[in-house]
Structures are given as C-alpha cells and as structure tokens.
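Structure data follow from data_35.cif (mmCIF, C-alpha atoms):
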data_run
loop_
_atom_site.label_atom_id
_atom_site.label_comp_id
_atom_site.auth_asym_id
_atom_site.auth_seq_id
_atom_site.Cartn_x
_atom_site.Cartn_y
_atom_site.Cartn_z
CA MET A 1 104.89 117.64 84.12
CA THR A 2 104.77 113.93 83.32
CA THR A 3 101.99 112.08 81.52
CA ILE A 4 101.01 109.24 83.85
CA ALA A 5 98.58 106.43 83.03
CA ILE A 6 96.70 104.91 85.96
CA LEU A 7 95.31 101.54 84.91
CA GLY A 8 92.21 100.84 86.95
CA ALA A 9 89.53 103.14 88.37
CA GLY A 10 88.87 101.52 91.73
CA ARG A 11 89.76 103.05 95.09
CA VAL A 12 93.50 102.68 94.53
CA GLY A 13 93.44 103.98 90.97
CA SER A 14 91.14 106.89 91.79
CA THR A 15 93.27 107.89 94.79
CA LEU A 16 96.48 107.86 92.77
CA ALA A 17 94.90 109.68 89.85
CA ALA A 18 93.77 112.50 92.14
CA GLY A 19 97.16 112.60 93.85
CA PHE A 20 99.19 112.87 90.67
CA ALA A 21 96.76 115.38 89.17
CA GLY A 22 97.10 117.46 92.33
CA ALA A 23 100.87 117.37 91.82
CA LYS A 24 100.33 118.95 88.38
CA HIS A 25 100.95 115.86 86.27
CA GLU A 26 98.78 114.99 83.27
CA VAL A 27 96.79 111.90 84.26
CA LEU A 28 95.11 109.33 82.04
CA VAL A 29 92.91 106.73 83.71
CA GLY A 30 92.76 103.55 81.66
CA LEU A 31 89.44 101.75 82.06
CA ARG A 32 88.89 98.02 81.73
CA LYS A 33 85.70 96.86 80.03
CA THR A 34 84.12 96.19 83.44
CA GLU A 35 84.74 99.83 84.36
CA GLN A 36 83.38 101.49 81.23
CA ASP A 37 80.21 102.62 83.02
CA ARG A 38 82.12 104.53 85.71
CA SER A 39 81.39 108.23 86.04
CA LYS A 40 83.76 110.40 84.05
CA THR A 41 83.50 113.33 86.46
CA ALA A 42 86.91 114.31 87.73
CA SER A 43 89.53 117.03 87.69
CA PRO A 44 90.19 118.62 84.29
CA ALA A 45 93.70 117.16 84.64
CA ILE A 46 92.28 113.60 84.53
CA THR A 47 91.16 112.01 81.26
CA PHE A 48 89.37 108.65 81.05
CA VAL A 49 90.42 106.46 78.12
CA THR A 50 90.80 102.77 77.24
CA LEU A 51 93.69 100.74 78.64
CA ALA A 52 95.33 100.67 75.21
CA GLU A 53 95.17 104.44 74.76
CA ALA A 54 96.41 105.10 78.29
CA VAL A 55 99.45 102.85 77.84
CA ALA A 56 100.23 104.26 74.41
CA ARG A 57 100.10 107.91 75.45
CA ALA A 58 101.76 107.81 78.85
CA GLU A 59 105.40 108.18 79.84
CA ILE A 60 104.84 106.33 83.13
CA VAL A 61 102.25 103.57 83.64
CA VAL A 62 100.81 102.58 87.03
CA ASN A 63 99.18 99.18 87.50
CA ALA A 64 96.34 99.80 89.94
CA MET A 65 94.20 96.91 88.71
CA PRO A 66 93.38 93.93 90.94
CA GLY A 67 96.45 91.74 91.21
CA GLU A 68 94.61 88.64 90.07
CA VAL A 69 93.84 90.15 86.63
CA SER A 70 96.96 92.25 86.12
CA LEU A 71 99.04 89.82 84.08
CA GLU A 72 96.18 88.95 81.75
CA ALA A 73 95.32 92.61 81.27
CA LEU A 74 98.88 93.87 80.69
CA ILE A 75 100.41 91.21 78.44
CA PRO A 76 98.43 92.36 75.35
CA HIS A 77 100.10 95.78 75.74
CA ARG A 78 103.66 94.39 75.80
CA ASP A 79 104.79 96.29 72.71
CA ALA A 80 103.40 99.63 73.91
CA LEU A 81 105.17 99.15 77.25
CA VAL A 82 108.64 98.68 75.76
CA SER A 83 111.19 100.94 77.53
CA LYS A 84 108.49 102.44 79.78
CA ILE A 85 108.36 102.37 83.57
CA LEU A 86 105.54 100.26 84.99
CA ILE A 87 104.82 101.07 88.64
CA ASP A 88 103.08 98.06 90.15
CA VAL A 89 101.10 98.78 93.32
CA ALA A 90 98.94 95.64 93.26
CA ASN A 91 98.97 92.45 95.33
CA ALA A 92 97.88 89.17 93.73
CA THR A 93 95.90 87.06 96.20
CA ALA A 94 93.13 84.55 96.51
CA ARG A 95 90.22 86.13 98.36
CA ARG A 96 87.49 85.17 100.78
CA ALA A 97 83.86 85.88 100.02
CA ASP A 98 84.21 89.24 101.82
CA GLY A 99 87.15 90.23 99.62
CA MET A 100 89.86 89.76 102.24
CA PRO A 101 93.10 88.04 101.09
CA VAL A 102 93.69 84.44 102.19
CA GLY A 103 96.73 83.41 100.15
CA LEU A 104 99.24 84.55 97.54
CA LEU A 105 98.67 83.66 93.89
CA TYR A 106 102.43 83.50 93.30
CA PRO A 107 103.76 82.05 96.60
CA GLN A 108 107.21 81.19 95.20
CA SER A 109 107.39 84.45 93.29
CA SER A 110 105.42 87.71 93.19
CA LEU A 111 103.20 89.68 90.86
CA GLY A 112 106.06 92.14 90.34
CA GLU A 113 108.38 89.34 89.23
CA GLN A 114 105.74 87.79 86.98
CA LEU A 115 105.13 91.14 85.30
CA GLN A 116 108.87 91.62 84.72
CA LEU A 117 109.14 88.14 83.20
CA ALA A 118 106.16 88.74 80.93
CA LEU A 119 107.33 92.26 79.99
CA PRO A 120 111.12 91.89 79.71
CA GLN A 121 111.65 95.24 77.97
CA THR A 122 109.62 97.17 80.56
CA HIS A 123 111.10 98.59 83.77
CA VAL A 124 108.83 97.21 86.51
CA VAL A 125 109.05 98.94 89.90
CA LYS A 126 107.06 97.60 92.84
CA THR A 127 105.98 100.11 95.48
CA LEU A 128 103.08 101.44 97.61
CA ASN A 129 101.63 97.94 98.15
CA THR A 130 102.12 97.81 101.94
CA MET A 131 99.53 100.36 103.06
CA LEU A 132 95.87 101.30 102.93
CA PHE A 133 95.12 103.07 99.66
CA SER A 134 94.48 106.45 101.30
CA VAL A 135 98.04 106.58 102.65
CA MET A 136 99.53 106.35 99.14
CA THR A 137 98.87 110.05 98.57
CA ARG A 138 98.68 111.26 102.19
CA PRO A 139 101.61 109.63 104.00
CA ALA A 140 101.99 112.52 106.42
CA SER A 141 98.46 111.90 107.73
CA LEU A 142 99.74 109.03 109.89
CA SER A 143 100.92 109.57 113.46
CA LYS A 144 104.28 107.95 112.67
CA ALA A 145 106.49 108.02 109.59
CA PRO A 146 105.50 105.28 107.10
CA THR A 147 107.76 103.44 104.67
CA ALA A 148 107.31 103.03 100.93
CA PHE A 149 109.44 100.12 99.73
CA LEU A 150 110.80 99.98 96.18
CA SER A 151 111.78 96.84 94.25
CA GLY A 152 113.08 96.89 90.69
CA ASN A 153 115.97 95.85 88.48
CA ASP A 154 116.62 99.22 86.84
CA GLU A 155 118.24 101.89 89.03
CA GLY A 156 117.22 104.73 86.74
CA ALA A 157 113.58 103.64 86.83
CA LYS A 158 113.62 103.46 90.62
CA ALA A 159 115.14 106.95 90.81
CA ARG A 160 112.32 108.28 88.61
CA VAL A 161 109.72 106.57 90.81
CA ARG A 162 111.30 108.01 93.97
CA SER A 163 110.84 111.47 92.50
CA LEU A 164 107.18 110.79 91.68
CA LEU A 165 106.57 109.48 95.21
CA GLN A 166 107.97 112.70 96.60
CA ASP A 167 105.42 114.54 94.46
CA LEU A 168 102.76 112.59 96.38
CA GLY A 169 104.12 113.77 99.74
CA TRP A 170 106.64 111.04 100.54
CA ASP A 171 109.72 112.32 102.33
CA GLN A 172 112.97 111.01 100.85
CA THR A 173 113.82 109.39 104.20
CA TRP A 174 110.59 107.33 104.09
CA LEU A 175 111.60 105.56 100.85
CA GLU A 176 113.41 102.24 101.18
CA ASP A 177 115.05 100.56 98.16
CA LEU A 178 115.04 96.80 98.74
CA GLY A 179 116.96 95.95 95.57
CA GLY A 180 115.87 93.94 92.54
CA ILE A 181 112.36 92.92 91.61
CA ALA A 182 112.82 89.58 93.43
CA SER A 183 112.52 91.53 96.69
CA ALA A 184 108.86 92.17 95.85
CA GLN A 185 108.22 88.68 97.23
CA GLY A 186 108.69 90.10 100.71
CA THR A 187 106.48 93.15 100.43
CA GLU A 188 103.69 91.31 98.62
CA ALA A 189 103.56 88.70 101.39
CA LEU A 190 102.71 91.47 103.86
CA ILE A 191 99.21 91.66 102.35
CA LEU A 192 98.33 88.61 104.44
CA MET A 193 98.56 90.81 107.55
CA VAL A 194 95.75 93.06 106.35
CA PRO A 195 92.71 91.09 107.57
CA HIS A 196 94.27 90.81 111.02
CA VAL A 197 95.21 94.50 111.18
CA LEU A 198 91.70 95.52 110.14
CA LYS A 199 90.16 93.14 112.70
CA ALA A 200 92.34 94.57 115.45
CA LYS A 201 92.22 98.26 114.50
CA GLY A 202 89.22 98.71 112.22
CA LEU A 203 89.25 100.37 108.81
CA VAL A 204 91.76 103.12 109.56
CA PRO A 205 94.67 104.41 107.48
CA PHE A 206 97.84 102.38 108.14
CA SER A 207 101.18 101.52 106.61
CA ILE A 208 103.96 99.07 107.28
CA ALA A 209 107.05 100.99 108.51
CA LEU A 210 110.68 99.98 108.80
CA ALA A 211 112.20 101.02 112.15
CA LEU A 212 116.00 101.08 112.38
#
For this file, write the structure as structure tokens.
Amino acid sequence: MTTIAILGAGRVGSTLAAGFAGAKHEVLVGLRKTEQDRSKTASPAITFVTLAEAVARAEIVVNAMPGEVSLEALIPHRDALVSKILIDVANATARRADGMPVGLLYPQSSLGEQLQLALPQTHVVKTLNTMLFSVMTRPASLSKAPTAFLSGNDEGAKARVRSLLQDLGWDQTWLEDLGGIASAQGTEALILMVPHVLKAKGLVPFSIALAL
C-alpha cells in the first residue's frame, strides 16, 4: 500500500482518489482554500487535509489541480516535494467563458516542463492528460484499447507510475513511454482537440490512442 496525495478535489481529483482507494492505497486529498467547503464524505480510505499536509505525508503526489494554477500552488511546497514523484495529469490552457480550452498557456513548453524546472529535485511524470477524467480509472470501459502516455526524466519514477496505473486498470500494453519531460509538449497540445471531439461526439468517455 502506498500513501498517495491527490491535490485537488474536482472531478479529476475525486475520480483518482476513488480509484486509488479502491486499489487499496491510502489516499489523502489535499484541498485548496477555494475547496475547503467541499463535503468530506468519502471512503474511509480517503482523508481530506490541506495541500501542505497532503504533500508532507504522501509518498506519491498527484497534481489534479487546474493547470492554470498548478505552478503557483506547488512552488511553495518545493522543499516537501524533494525526491518525491509528482504525477502531473493537468493541462494548462486559456479557457472560453464555457470552460473549454482555446490555447496553451505554455505554447513553447508545457506545464510538465515548467513544473520540473520549478521543482528540480522532484521527479515529475506527465500522464493521463489525454482522456476524459472518467477513463483515468476505467480504461477498459472503452470499446477500443486506450493509451496512457508517460513523459519524465527519471526512469525509476516512470516505472513506479506504470505500476500505479496498472492498479487503476491500465494494461501494460496500453502504456506508452514517450521519453523525457520535454515530450509532454506533445500530449498537452492534444487538449485543443477536446472541444471539437465533444462537439462531434457529445460528452462521452474517450481517450487518445496510439495505433501501430
């Protein structure tokens, strides 16, 4: 059992918290100040705490906060994140009034790269950012095999994340290592497809898949 901190209690964070708790991990959900009024009703395996406490207590930290606030929220916890794995599942975009993405905040880079630069002693691994949130913990629910891409500079960290993804139901053959954290530029850019996919297909579970 691993102690995992999920930072953020929105749809993504709540989905991942339930998934990891269901896989018998100890889960801490770190709440931002804007989330302090959220209901604390959840599985006994899930504990709601502050961001600082979640980062301090966890072995693995998952950034499930909105991409546009992630850097600002995580930099104050730089010391607590030293030598830890930070799984980044967010996409940093400008948004329309309806919340849909219209452009990348880091067009010559990526949120994953910016986090690694800001947290040089943390092992940042980008993954699970190319799918609807529900697919993150139910990949087998799709009619075709999905792909979860991984980007990160540390091979040991990526191996640990691969194991955790398998706990969430990801088959080993569905996991694609793209290399260093610079490769997160490619997967983060795929977020710009989302409004068009939703317009064409409606709000249904989907994932980007690599066909070879």
So how far away is CA of Leu192 (chain A) from CA of Trp174 (chain A), in Å? 22.4 Å
Pick from A:Val125, A:Val12, A:Leu105, A:Ile4 nearest to Val69 (chain A), counting only C-alpha atoms: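 Counting only C-alpha atoms, the residue closest to Val69 (chain A) is A:Leu105.
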Which of these residues is nearest to Leu51 (chain A), using all atoms listed in the file: A:Ile75, A:Ala21, A:Leu7, A:Ile85?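 Using all atoms listed in the file, the shortest distance to Leu51 (chain A) belongs to A:Leu7.
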Can you tell me which residues surround His77 (chain A) at a distance of at most 12 Å, considering only C-alpha atoms, apart from same-chain residues fewer than 5 positions away, and format the answer as a list in words?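 Residues near the query, excluding close chain neighbours: Leu7, Thr50, Leu51, Ala52, Glu53, Ala54, Val55, Ala56, Val61, Ser70, Leu71, Glu72, Val82, Lys84, Leu86, Leu115, Ala118, Leu119, Gln121 and Thr122 of chain A.
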For the interface of region 6-102 of chain A with region 148-168 of chain A (cut-off 12 Å, counting all atoms listed in the file), please tabulate each contacting residue of region 6-102 of chain A alongside its nearest pair of atoms and their separation in Å to one decimal, rows sorted by chain and increasing number, as a Markdown table.
| residue | atom | partner | partner_atom | distance |
| --- | --- | --- | --- | --- |
| A:Thr15 | CA | A:Leu168 | CA | 10.7 |
| A:Leu16 | CA | A:Leu168 | CA | 8.7 |
| A:Ala17 | CA | A:Leu168 | CA | 10.6 |
| A:Ala18 | CA | A:Leu168 | CA | 9.9 |
| A:Gly19 | CA | A:Leu168 | CA | 6.1 |
| A:Phe20 | CA | A:Leu168 | CA | 6.7 |
| A:Ala21 | CA | A:Leu168 | CA | 9.8 |
| A:Gly22 | CA | A:Leu168 | CA | 8.5 |
| A:Ala23 | CA | A:Asp167 | CA | 6.0 |
| A:Lys24 | CA | A:Asp167 | CA | 9.1 |
| A:His25 | CA | A:Asp167 | CA | 9.4 |
| A:Glu59 | CA | A:Arg160 | CA | 11.2 |
| A:Ile60 | CA | A:Val161 | CA | 9.1 |
| A:Val61 | CA | A:Val161 | CA | 10.8 |
| A:Val62 | CA | A:Val161 | CA | 10.5 |
| A:Ser83 | CA | A:Ala157 | CA | 10.0 |
| A:Lys84 | CA | A:Ala157 | CA | 8.8 |
| A:Ile85 | CA | A:Ala157 | CA | 6.3 |
| A:Leu86 | CA | A:Ala157 | CA | 8.9 |
| A:Ile87 | CA | A:Val161 | CA | 7.7 |
| A:Asp88 | CA | A:Ser151 | CA | 9.7 |
| A:Val89 | CA | A:Leu150 | CA | 10.2 |
